[in-house]
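Trainee: If it helps, the file is called work.txt and holds compact mmCIF, C-alpha atoms:
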```txt
# COMPACT_ATOMS: atom_id res chain seq x y z
CA MET G 13 -2.66 40.62 5.81
CA ALA G 14 -4.09 38.31 8.43
CA LYS G 15 -4.74 39.56 11.92
CA ARG G 16 -2.40 38.29 14.60
CA ALA G 17 -3.19 36.83 17.98
CA SER G 18 -1.86 38.77 20.99
CA GLY G 19 0.69 36.05 21.75
CA ASP G 20 2.03 36.39 18.22
CA LEU G 21 2.41 40.11 18.66
CA GLU G 22 4.18 39.59 21.96
CA ALA G 23 6.74 37.41 20.20
CA GLU G 24 7.20 40.05 17.53
CA VAL G 25 7.77 42.80 20.07
CA LEU G 26 10.32 40.67 21.87
CA ALA G 27 11.99 39.80 18.57
CA ALA G 28 12.16 43.49 17.71
CA LEU G 29 13.89 44.26 21.02
CA TRP G 30 16.39 41.50 20.36
CA ALA G 31 16.96 42.63 16.81
CA ALA G 32 17.72 46.19 17.87
CA GLY G 33 20.51 45.17 20.21
CA HIS G 34 20.06 48.33 22.29
CA PRO G 35 17.30 49.64 24.60
CA LEU G 36 14.13 50.73 22.79
CA THR G 37 11.21 52.90 23.86
CA ALA G 38 7.65 51.85 23.06
CA GLY G 39 7.74 54.35 20.21
CA ASP G 40 10.95 52.79 18.83
CA VAL G 41 9.36 49.36 18.99
CA LEU G 42 6.26 50.59 17.20
CA GLN G 43 8.44 52.09 14.50
CA SER G 44 10.59 49.01 14.11
CA LEU G 45 7.53 46.76 13.82
CA ASP G 46 6.60 48.80 10.79
CA ASP G 47 2.93 47.87 10.88
CA PRO G 48 0.48 50.72 10.14
CA GLU G 49 -2.37 48.83 11.83
CA LEU G 50 -0.57 48.69 15.14
CA ALA G 51 -1.43 51.22 17.87
CA TYR G 52 1.05 52.74 20.30
CA ASN G 53 -1.07 51.67 23.24
CA THR G 54 -1.02 48.05 22.09
CA VAL G 55 2.77 48.04 22.00
CA GLN G 56 2.90 49.75 25.40
CA THR G 57 0.57 47.12 26.88
CA ILE G 58 2.65 44.29 25.47
CA LEU G 59 5.87 45.82 26.81
CA THR G 60 4.31 46.17 30.26
CA ARG G 61 3.21 42.55 30.12
CA LEU G 62 6.69 41.42 29.01
CA HIS G 63 8.18 43.40 31.88
CA ALA G 64 5.80 41.78 34.36
CA LYS G 65 6.88 38.38 33.07
CA GLY G 66 10.51 39.30 33.56
CA ALA G 67 11.29 38.94 29.88
CA VAL G 68 12.46 42.54 29.53
CA GLU G 69 14.18 45.07 31.76
CA ARG G 70 12.76 48.56 32.01
CA GLU G 71 14.68 51.75 32.57
CA ARG G 72 13.48 55.30 32.78
CA SER G 73 15.06 57.57 30.25
CA GLY G 74 13.69 61.09 30.27
CA ARG G 75 9.91 60.94 30.05
CA ALA G 76 9.74 57.48 28.53
CA HIS G 77 10.80 53.98 29.51
CA THR G 78 13.31 52.00 27.52
CA TYR G 79 13.21 48.24 27.33
CA THR G 80 15.96 45.65 26.98
CA PRO G 81 15.40 41.90 26.54
CA VAL G 82 16.66 39.75 29.40
CA LEU G 83 19.07 36.93 28.74
CA ASP G 84 18.87 34.51 31.63
CA ASP G 85 21.34 31.64 31.89
CA ALA G 86 20.59 31.05 28.24
CA GLY G 87 24.11 29.83 27.57
CA LEU G 88 23.59 26.91 29.85
CA VAL G 89 20.15 26.24 28.44
CA ALA G 90 21.45 26.44 24.89
CA HIS G 91 24.17 23.94 25.66
CA ARG G 92 21.79 21.54 27.30
CA MET G 93 19.24 21.95 24.54
CA ARG G 94 21.77 21.29 21.77
CA ALA G 95 23.03 18.25 23.60
CA ALA G 96 19.52 16.92 24.04
CA LEU G 97 18.29 17.67 20.56
CA ASP G 98 21.38 16.66 18.61
CA ARG G 99 21.48 13.22 20.17
CA GLY G 100 20.48 10.50 17.77
CA SER G 101 19.39 10.90 14.20
CA ASP G 102 15.69 10.85 14.88
CA HIS G 103 15.57 14.47 15.88
CA ALA G 104 15.44 15.23 12.18
CA ALA G 105 11.76 14.40 12.10
CA VAL G 106 10.95 16.38 15.23
CA LEU G 107 12.81 19.58 14.55
CA SER G 108 12.35 21.55 11.42
CA HIS G 109 15.02 24.15 11.01
CA PHE G 110 13.97 27.27 9.22
CA LEU G 111 16.81 26.57 6.87
CA GLY G 112 19.51 23.96 6.79
CA THR G 113 23.15 24.98 6.81
CA LEU G 114 24.24 26.22 3.41
CA ASN G 115 27.69 26.29 1.87
CA PRO G 116 28.93 29.25 -0.26
CA ASP G 117 27.93 27.59 -3.54
CA GLU G 118 24.45 27.15 -2.26
CA ARG G 119 24.44 30.70 -1.03
CA SER G 120 25.16 32.02 -4.51
CA ALA G 121 22.35 29.86 -5.84
CA LEU G 122 20.15 31.47 -3.22
CA SER G 123 21.16 34.96 -4.25
CA ARG G 124 20.44 34.09 -7.85
CA LEU G 125 16.97 32.89 -6.94
CA LEU G 126 16.31 35.84 -4.74
CA GLY G 127 16.82 38.05 -7.75
CA GLN G 128 13.75 36.50 -9.35
CA PRO G 129 10.83 37.41 -7.14
CA GLY G 130 9.98 41.01 -7.84
CA ARG G 131 9.10 43.24 -4.97
CA LYS G 132 5.61 43.86 -6.22
CA ALA G 133 3.76 44.94 -3.12
CA ALA G 134 5.23 47.54 -0.85
CA ARG G 135 5.46 46.43 2.70
CA MET T 2 -4.39 -16.69 -3.10
CA SER T 3 -4.85 -14.62 -6.23
CA ILE T 4 -2.55 -12.04 -7.72
CA THR T 5 -4.31 -9.18 -5.86
CA VAL T 6 -2.19 -9.78 -2.78
CA TYR T 7 0.82 -8.42 -4.65
CA LEU T 8 -1.02 -5.26 -5.61
CA PRO T 9 0.02 -3.15 -2.57
CA LEU T 10 3.65 -4.07 -3.22
CA LEU T 11 3.29 -2.83 -6.79
CA ILE T 12 1.34 0.26 -5.83
CA ALA T 13 3.94 1.39 -3.27
CA PRO T 14 6.60 2.43 -5.83
CA LEU T 15 3.89 3.92 -8.04
CA PHE T 16 2.62 5.99 -5.13
CA ALA T 17 6.17 7.04 -4.25
CA LEU T 18 6.62 8.18 -7.84
CA LEU T 19 3.31 9.97 -8.35
CA ALA T 20 2.48 11.45 -4.94
CA PRO T 21 5.34 14.01 -4.76
CA ARG T 22 4.55 15.19 -8.31
CA LEU T 23 0.91 15.61 -7.38
CA ALA T 24 1.83 17.27 -4.10
CA ARG T 25 3.59 20.06 -5.98
CA ARG T 26 0.32 20.88 -7.75
CA LEU T 27 -1.80 20.92 -4.61
CA SER T 28 -1.81 23.63 -1.99
CA PRO T 29 0.70 22.52 0.65
CA GLY T 30 -1.77 21.71 3.46
CA PRO T 31 -3.75 19.06 1.60
CA ALA T 32 -0.54 17.95 -0.12
CA THR T 33 1.11 17.22 3.23
CA TRP T 34 -1.91 15.27 4.47
CA MET T 35 -1.99 13.31 1.23
CA LEU T 36 1.72 12.46 1.48
CA SER T 37 1.80 11.51 5.17
CA THR T 38 -1.45 9.58 5.49
CA GLY T 39 -1.07 8.14 2.00
CA SER T 40 2.40 6.77 2.67
CA LEU T 41 1.27 5.39 6.03
CA LEU T 42 -1.74 3.63 4.47
CA VAL T 43 0.25 2.23 1.55
CA ALA T 44 2.95 1.05 3.96
CA GLY T 45 0.29 -0.60 6.15
CA ALA T 46 -1.22 -2.32 3.14
CA SER T 47 2.13 -3.67 2.00
CA VAL T 48 2.80 -5.08 5.46
CA ALA T 49 -0.63 -6.68 5.43
CA ALA T 50 0.13 -8.14 2.00
CA LEU T 51 3.39 -9.66 3.23
CA ALA T 52 1.59 -11.06 6.26
CA LEU T 53 -1.13 -12.61 4.09
CA LEU T 54 1.49 -14.16 1.82
CA ALA T 55 3.10 -15.74 4.85
CA VAL T 56 -0.06 -16.79 6.70
CA PRO T 57 -0.77 -20.12 4.95
CA LEU T 58 2.81 -21.28 5.45
CA ALA T 59 3.04 -20.06 9.02
CA ALA T 60 -0.28 -21.72 9.82
CA GLN T 61 1.23 -25.06 8.83
CA LEU T 62 3.54 -24.94 11.83
CA PRO T 63 2.32 -27.73 14.12
CA VAL T 64 1.90 -25.39 17.09
CA LEU T 65 -0.29 -22.96 15.18
CA ALA T 66 -2.17 -25.74 13.37
CA GLN T 67 -3.08 -27.35 16.66
CA GLN T 68 -4.14 -24.04 18.18
CA GLY T 69 -6.27 -23.09 15.20
CA GLY T 70 -7.69 -26.56 14.76
CA TRP T 71 -6.83 -26.84 11.10
CA SER T 72 -5.02 -29.45 9.06
CA GLY T 73 -1.51 -28.57 7.99
CA SER T 74 -1.57 -31.03 5.12
CA VAL T 75 -4.79 -29.54 3.69
CA LEU T 76 -3.20 -26.11 3.90
CA ALA T 77 -0.05 -27.33 2.20
CA ALA T 78 -2.10 -28.91 -0.56
CA HIS T 79 -4.20 -25.81 -1.21
CA ASP T 80 -1.72 -23.04 -0.47
CA PRO T 81 -1.38 -21.11 -3.72
CA VAL T 82 1.71 -19.26 -2.48
CA ARG T 83 4.85 -21.15 -3.28
CA PRO T 84 6.98 -21.84 -0.19
CA PRO T 85 10.01 -19.78 -1.31
CA ILE T 86 7.76 -16.75 -1.73
CA ALA T 87 6.06 -17.34 1.59
CA VAL T 88 9.41 -17.75 3.35
CA THR T 89 10.72 -14.56 1.72
CA ALA T 90 7.58 -12.69 2.77
CA LEU T 91 7.89 -13.95 6.32
CA THR T 92 11.57 -13.01 6.54
CA LEU T 93 10.89 -9.55 5.13
CA LEU T 94 8.01 -9.13 7.51
CA ILE T 95 10.14 -9.90 10.54
CA CYS T 96 12.96 -7.60 9.40
CA LEU T 97 10.59 -4.74 8.61
CA ALA T 98 8.71 -5.19 11.86
CA GLY T 99 12.02 -4.88 13.67
CA SER T 100 13.05 -1.71 11.87
CA ALA T 101 9.57 -0.23 12.23
CA LEU T 102 9.65 -0.86 15.95
CA ARG T 103 13.06 0.75 16.20
CA SER T 104 11.91 3.76 14.21
CA LEU T 105 8.78 4.09 16.30
CA LEU T 106 10.80 3.97 19.53
CA GLY T 107 13.34 6.43 18.14
CA GLN T 108 10.59 8.85 17.16
CA ALA T 109 8.93 8.52 20.54
CA VAL T 110 12.21 9.18 22.36
CA ALA T 111 12.96 12.20 20.16
CA LEU T 112 9.49 13.57 20.72
CA ARG T 113 9.69 13.14 24.47
CA ARG T 114 13.07 14.84 24.49
CA SER T 115 11.62 17.67 22.47
CA TYR T 116 8.74 18.05 24.92
CA ARG T 117 11.16 18.16 27.81
CA VAL T 118 13.34 20.77 26.11
CA ALA T 119 10.26 22.84 25.23
CA ALA T 120 9.18 22.78 28.86
CA ALA T 121 12.65 23.74 30.10
CA LEU T 122 13.21 26.62 27.70
CA PRO T 123 13.15 30.09 29.26
CA ALA T 124 10.52 31.26 26.83
CA THR T 125 8.25 34.26 26.95
CA GLY T 126 5.07 32.92 25.47
CA GLN T 127 6.17 30.91 22.49
CA LEU T 128 9.44 32.62 21.72
CA ALA T 129 12.75 31.64 23.28
CA VAL T 130 15.67 33.78 22.14
CA ILE T 131 18.73 31.70 22.81
CA ASP T 132 22.29 32.06 21.64
CA THR T 133 23.02 28.55 20.48
CA GLY T 134 26.40 29.59 19.13
CA ARG T 135 25.19 29.62 15.54
CA PRO T 136 22.39 31.22 13.56
CA ASP T 137 19.42 29.08 14.47
CA ALA T 138 15.70 29.22 14.05
CA PHE T 139 13.54 26.22 14.68
CA ALA T 140 10.36 25.02 16.29
CA VAL T 141 10.47 22.68 19.27
CA PRO T 142 7.24 20.67 19.54
CA GLY T 143 5.89 20.47 23.06
CA ARG T 144 3.03 21.48 25.31
CA PRO T 145 3.18 24.32 24.53
CA GLY T 146 5.63 24.21 21.66
CA ARG T 147 8.41 26.77 21.53
CA ILE T 148 10.15 28.72 18.84
CA VAL T 149 13.90 28.99 19.33
CA VAL T 150 15.67 31.79 17.50
CA SER T 151 19.23 32.95 18.05
CA PRO T 152 19.84 36.70 18.46
CA ALA T 153 22.03 36.72 15.34
CA VAL T 154 19.09 35.74 13.18
CA LEU T 155 16.87 38.43 14.70
CA HIS T 156 19.60 41.01 14.12
CA ALA T 157 19.87 40.06 10.46
CA LEU T 158 16.17 40.28 9.65
CA ASP T 159 14.00 43.34 9.29
CA SER T 160 10.57 43.56 10.90
CA GLY T 161 8.64 41.98 8.03
CA GLN T 162 11.14 39.16 7.76
CA ARG T 163 11.00 38.54 11.51
CA ARG T 164 7.23 38.40 11.28
CA ALA T 165 7.55 35.87 8.46
CA LEU T 166 10.04 33.75 10.39
CA LEU T 167 7.89 33.67 13.51
CA ALA T 168 4.74 32.88 11.53
CA HIS T 169 6.58 30.11 9.72
CA GLU T 170 7.72 28.43 12.93
CA ARG T 171 4.32 28.96 14.53
CA ALA T 172 2.71 27.15 11.62
CA HIS T 173 5.03 24.17 12.19
CA LEU T 174 3.82 23.97 15.77
CA SER T 175 0.13 24.65 15.33
CA ALA T 176 -0.27 22.23 12.42
CA HIS T 177 1.86 19.55 14.15
CA HIS T 178 4.15 19.17 11.18
CA HIS T 179 6.47 16.92 13.17
CA LEU T 180 3.74 14.27 13.24
CA HIS T 181 3.44 14.34 9.45
CA ALA T 182 7.20 13.97 9.19
CA ALA T 183 7.15 11.14 11.73
CA ALA T 184 4.39 9.34 9.81
CA ALA T 185 6.45 9.50 6.61
CA GLU T 186 9.56 8.27 8.47
CA LEU T 187 7.64 5.34 9.90
CA ALA T 188 6.10 4.47 6.53
CA ALA T 189 9.55 4.51 4.95
CA THR T 190 10.99 2.09 7.50
CA VAL T 191 7.99 -0.21 7.09
CA ASN T 192 8.27 -0.11 3.33
CA PRO T 193 11.62 1.19 2.00
CA LEU T 194 10.01 1.68 -1.40
CA LEU T 195 8.40 4.76 0.15
CA TRP T 196 11.78 6.20 1.20
CA SER T 197 11.58 9.19 -1.14
CA LEU T 198 8.31 10.33 0.47
CA ARG T 199 10.15 11.37 3.64
CA GLY T 200 11.84 14.23 1.83
CA ALA T 201 8.69 15.09 -0.07
CA THR T 202 6.69 15.26 3.16
CA ARG T 203 9.27 17.47 4.86
CA LEU T 204 9.39 19.81 1.89
CA SER T 205 5.61 19.92 1.84
CA CYS T 206 5.58 20.85 5.54
CA GLU T 207 8.05 23.67 4.85
CA ARG T 208 5.91 24.88 1.95
CA TRP T 209 2.87 24.78 4.23
CA ALA T 210 4.64 26.89 6.83
CA ASP T 211 5.92 29.24 4.10
CA GLU T 212 2.39 29.83 2.87
CA ALA T 213 1.22 30.47 6.43
CA ALA T 214 4.04 32.99 6.83
CA ALA T 215 3.24 34.59 3.48
CA ALA T 216 -0.38 35.04 4.57
CA VAL T 217 0.83 36.99 7.62
CA ALA T 218 3.91 38.80 6.35
CA GLY T 219 3.66 38.72 2.58
CA ARG T 220 5.30 36.52 -0.05
CA PHE T 221 8.31 38.71 -0.69
CA GLU T 222 9.08 39.12 3.01
CA THR T 223 8.88 35.37 3.51
CA ALA T 224 11.21 34.68 0.61
CA ALA T 225 13.59 37.38 1.83
CA ALA T 226 13.60 35.94 5.35
CA LEU T 227 14.40 32.54 3.93
CA ALA T 228 17.26 33.88 1.85
CA ARG T 229 18.66 36.09 4.62
CA ALA T 230 18.64 33.28 7.15
CA GLY T 231 20.25 31.03 4.57
CA ARG T 232 23.02 33.49 3.81
CA LEU T 233 23.60 33.96 7.50
CA SER T 234 24.07 30.26 8.11
CA ALA T 235 26.29 30.08 5.03
CA GLU T 236 28.61 32.66 6.54
CA THR T 237 28.96 30.70 9.74
CA PRO T 238 31.56 27.94 9.76
CA VAL T 239 29.93 24.65 10.55
CA ARG T 240 31.26 22.75 13.49
CA ALA T 241 28.68 20.02 13.49
CA PRO T 242 28.96 17.30 10.86
CA ALA T 243 27.09 18.15 7.70
CA ARG T 244 23.56 16.96 7.81
CA PRO T 245 22.87 14.12 5.41
CA SER T 246 20.08 16.05 3.73
CA LEU T 247 22.38 18.89 2.70
CA ALA T 248 22.09 18.30 -1.02
CA ALA T 249 18.35 17.97 -0.71
CA ALA T 250 18.20 21.10 1.41
CA LEU T 251 19.38 23.30 -1.44
CA THR T 252 16.83 22.04 -3.89
CA ASP T 253 14.20 22.29 -1.19
CA VAL T 254 15.06 25.93 -0.60
CA GLU T 255 15.07 26.50 -4.33
CA VAL T 256 11.63 24.97 -4.61
CA ARG T 257 10.38 27.05 -1.70
CA LEU T 258 11.77 30.32 -3.03
CA ALA T 259 10.46 29.62 -6.49
CA ALA T 260 7.03 28.83 -5.06
CA LEU T 261 7.06 32.05 -3.07
CA SER T 262 7.94 34.01 -6.19
CA ARG T 263 4.71 32.79 -7.74
CA PRO T 264 1.24 33.86 -6.58
CA ALA T 265 -0.34 31.93 -3.70
CA PRO T 266 -1.62 28.49 -4.73
CA ARG T 267 -5.29 28.47 -5.55
CA ARG T 268 -7.81 26.52 -3.57
CA ILE T 269 -7.33 22.79 -3.84
CA SER T 270 -8.93 21.23 -6.89
CA SER T 271 -10.24 17.94 -5.63
CA TRP T 272 -9.85 15.98 -8.85
CA ARG T 273 -6.11 16.03 -8.33
CA LEU T 274 -6.61 13.91 -5.23
CA VAL T 275 -8.38 11.21 -7.24
CA ILE T 276 -5.20 9.39 -8.23
CA PRO T 277 -3.67 8.98 -4.75
CA LEU T 278 -7.10 8.16 -3.31
CA LEU T 279 -7.58 5.55 -6.01
CA LEU T 280 -4.18 3.99 -5.30
CA VAL T 281 -4.85 3.85 -1.56
CA ALA T 282 -8.35 2.44 -2.13
CA LEU T 283 -6.93 -0.18 -4.48
CA CYS T 284 -4.46 -1.21 -1.77
CA GLY T 285 -7.28 -1.54 0.72
CA LEU T 286 -9.42 -3.61 -1.62
CA ALA T 287 -6.50 -5.87 -2.50
CA VAL T 288 -5.74 -6.50 1.16
CA ALA T 289 -9.41 -7.15 1.97
CA ASN T 290 -9.67 -9.56 -0.93
CA ALA T 291 -6.50 -11.42 0.01
CA ALA T 292 -7.61 -11.57 3.64
CA ALA T 293 -10.92 -13.09 2.61
CA GLU T 294 -9.07 -15.68 0.56
CA ALA T 295 -6.74 -16.53 3.43
CA HIS T 296 -9.73 -16.83 5.72
CA ALA T 297 -11.46 -19.18 3.28
CA LEU T 298 -8.32 -21.29 3.02
CA LEU T 299 -8.09 -21.65 6.82
CA GLU T 300 -11.78 -22.59 7.02
CA LEU T 301 -11.23 -25.18 4.34
CA ALA T 302 -8.35 -26.61 6.36
CA GLN T 303 -10.53 -26.67 9.43
CA GLY T 304 -12.86 -28.97 7.52
CA ARG T 305 -15.80 -26.64 7.62
```
Take the structure in the file and write it out as structure tokens.

Mentor:
Amino acid sequence: MAKRASGDLEAEVLAALWAAGHPLTAGDVLQSLDDPELAYNTVQTILTRLHAKGAVERERSGRAHTYTPVLDDAGLVAHRMRAALDRGSDHAAVLSHFLGTLNPDERSALSRLLGQPGRKAAR
Amino acid sequence: MSITVYLPLLIAPLFALLAPRLARRLSPGPATWMLSTGSLLVAGASVAALALLAVPLAAQLPVLAQQGGWSGSVLAAHDPVRPPIAVTALTLLICLAGSALRSLLGQAVALRRSYRVAAALPATGQLAVIDTGRPDAFAVPGRPGRIVVSPAVLHALDSGQRRALLAHERAHLSAHHHLHAAAAELAATVNPLLWSLRGATRLSCERWADEAAAAVAGRFETAAALARAGRLSAETPVRAPARPSLAAALTDVEVRLAALSRPAPRRISSWRLVIPLLLVALCGLAVANAAAEAHALLELAQGR
């Protein structure tokens, strides 16, 4: 697997905090990233950096800190963003959605296809 | 003017037919470049061909004839392009120029909007986690570009899949995929015969990003992320009007999942690029030849 830049790792740590939906310690984050090459200290450094940037809140719990991602006026931003990006048809070329919206028929087609690739390599 | 001037107009549909087929056999990076620059060059050549078809007739207009110092009657006598064809070419040229200009402006506005949104997003580094009210994951080009993901998507994916998703969006930004898409859009408005290459270019960009994600997170994880995100958006009722590319989206996802279920594409074999290169070169030669002929005709009319 390719090595990641520190900014990439920062995004992954933040994504892991969001995915959990509850406060995580550095150890929890390390575990949830599920990457044997990752060191505890690296995760701790990234969390400290995220905290300094105001992207996460830190709370002391016992001997460790727990971290929660911060949601700041995102509702407003989301609304404004949607309004700006959905205007006009030309946004199609600018934005590439990870996946378009699928209907149930298409979903079943997806499931069918997903059955094909075998899970050859363990994560 | 010899038959060569029509060559770009004939090559355009041929390119539109062959290029996507070839693209599927190339690794997605080179394939995307081939599709976007190829369609732009072929579109440029067909515009040039139309212009050259119209030049002798347009040059007969008294205003232009006086300016250029050539004789309209000599031109009329020697113009090998029959007036109906020249008039058609001129009309097409004006219409296409109009639509190209509109497309170009539209793209520029969309890009500027995207840059403004990217700058306004409350992102930490590249990632902005924003609840947009539906499962969302997309890249917003800007300086720097941002990756917007809704919390619901992050909840649904496991760590490997999140890694794949982030790497996928990052690849869109770092390789400027929106410019490839914009090039294909522009080419299609300049020459509607190239319309099908828009979809092919977009798919190729997605494949490119998929391969980048697979290199970071693994092929299975990438495919799983794709399927999970797809299922998630399928479970969410759609408020917004269905996007016109919905039917294409399914087959695109099918193609992407199928490609991920196969081993990574091997290094590009350059002979596969010979055909599109040949077509583009042929267009260039045809335009150069026709331009030389038009030039000779004008010189003749100038009495040189």

Trainee: Find the spatial neighbours of range 288-293 of chain T, counting all atoms listed in the file, within a cut-off of 7 Å - ignore same-chain residues fewer than 3 positions away - and output them as a ChimeraX atom specification.

Mentor: /T:2,5-6,46,49-50,53,284-285,296-297

Trainee: Write a file of the just-selected residues containing C-alpha atoms, as a compact mmCIF listing (two decimals), in the coordinates of the input.

Mentor:
```
# COMPACT_ATOMS: atom_id res chain seq x y z
CA MET T 2 -4.39 -16.69 -3.10
CA THR T 5 -4.31 -9.18 -5.86
CA VAL T 6 -2.19 -9.78 -2.78
CA ALA T 46 -1.22 -2.32 3.14
CA ALA T 49 -0.63 -6.68 5.43
CA ALA T 50 0.13 -8.14 2.00
CA LEU T 53 -1.13 -12.61 4.09
CA CYS T 284 -4.46 -1.21 -1.77
CA GLY T 285 -7.28 -1.54 0.72
CA HIS T 296 -9.73 -16.83 5.72
CA ALA T 297 -11.46 -19.18 3.28
```

Trainee: With 6 Å as the limit and counting only C-alpha atoms, what residues in chain T lie close to chain G? Please list them as a list in words.

Mentor: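 That gives the following set of residues: Gly107, Gln108, Ala111, Leu128, Ile131, Thr133, Ala138, Phe139, Leu155, His156, Ser160, His179, Ala182, Ala183, Val217, Arg232, Ser234, Ala235 and Ser262 of chain T.
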
Trainee: Write the residues you've just listed into a file as a PDB file, in the frame of the given file, and include C-alpha atoms for each of them.

Mentor:
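The result, stored in selection-v3.pdb:
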```
ATOM      1  CA  GLY T 107      13.340   6.430  18.140  1.00  0.00           C
ATOM      2  CA  GLN T 108      10.590   8.850  17.160  1.00  0.00           C
ATOM      3  CA  ALA T 111      12.960  12.200  20.160  1.00  0.00           C
ATOM      4  CA  LEU T 128       9.440  32.620  21.720  1.00  0.00           C
ATOM      5  CA  ILE T 131      18.730  31.700  22.810  1.00  0.00           C
ATOM      6  CA  THR T 133      23.020  28.550  20.480  1.00  0.00           C
ATOM      7  CA  ALA T 138      15.700  29.220  14.050  1.00  0.00           C
ATOM      8  CA  PHE T 139      13.540  26.220  14.680  1.00  0.00           C
ATOM      9  CA  LEU T 155      16.870  38.430  14.700  1.00  0.00           C
ATOM     10  CA  HIS T 156      19.600  41.010  14.120  1.00  0.00           C
ATOM     11  CA  SER T 160      10.570  43.560  10.900  1.00  0.00           C
ATOM     12  CA  HIS T 179       6.470  16.920  13.170  1.00  0.00           C
ATOM     13  CA  ALA T 182       7.200  13.970   9.190  1.00  0.00           C
ATOM     14  CA  ALA T 183       7.150  11.140  11.730  1.00  0.00           C
ATOM     15  CA  VAL T 217       0.830  36.990   7.620  1.00  0.00           C
ATOM     16  CA  ARG T 232      23.020  33.490   3.810  1.00  0.00           C
ATOM     17  CA  SER T 234      24.070  30.260   8.110  1.00  0.00           C
ATOM     18  CA  ALA T 235      26.290  30.080   5.030  1.00  0.00           C
ATOM     19  CA  SER T 262       7.940  34.010  -6.190  1.00  0.00           C
TER      20      SER T 262
END
```

Trainee: Expressed in Å to a single decimal, how great is the separation between CA of Gln61 in chain T and CA of Ala77 in chain T?

Mentor: 7.1 Å

Trainee: How many Å separate CA of Pro145 in chain T from CA of Ala32 in chain T?

Mentor: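 Distance reported for this atom pair: 25.7 Å.
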
Trainee: Between CA of Ala165 in chain T and CA of Arg113 in chain T, what is the distance, to one decimal in Å?

Mentor: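 About the pair CA of Ala165 in chain T and CA of Arg113 in chain T: they are 27.9 Å apart.
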
Trainee: Counting all atoms listed in the file, which residue out of T:Val56, T:Val141, T:Ala265, T:Leu194 sits closest to Arg83 in chain T?

Mentor: T:Val56

Trainee: Which residue gives the smallest distance to Arg103 in chain T among T:Tyr116, T:Ala228, T:Val191, T:Pro142, with only C-alpha atoms counted?

Mentor: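 When distances to Arg103 in chain T are compared using only C-alpha atoms, the smallest one comes from T:Val191.
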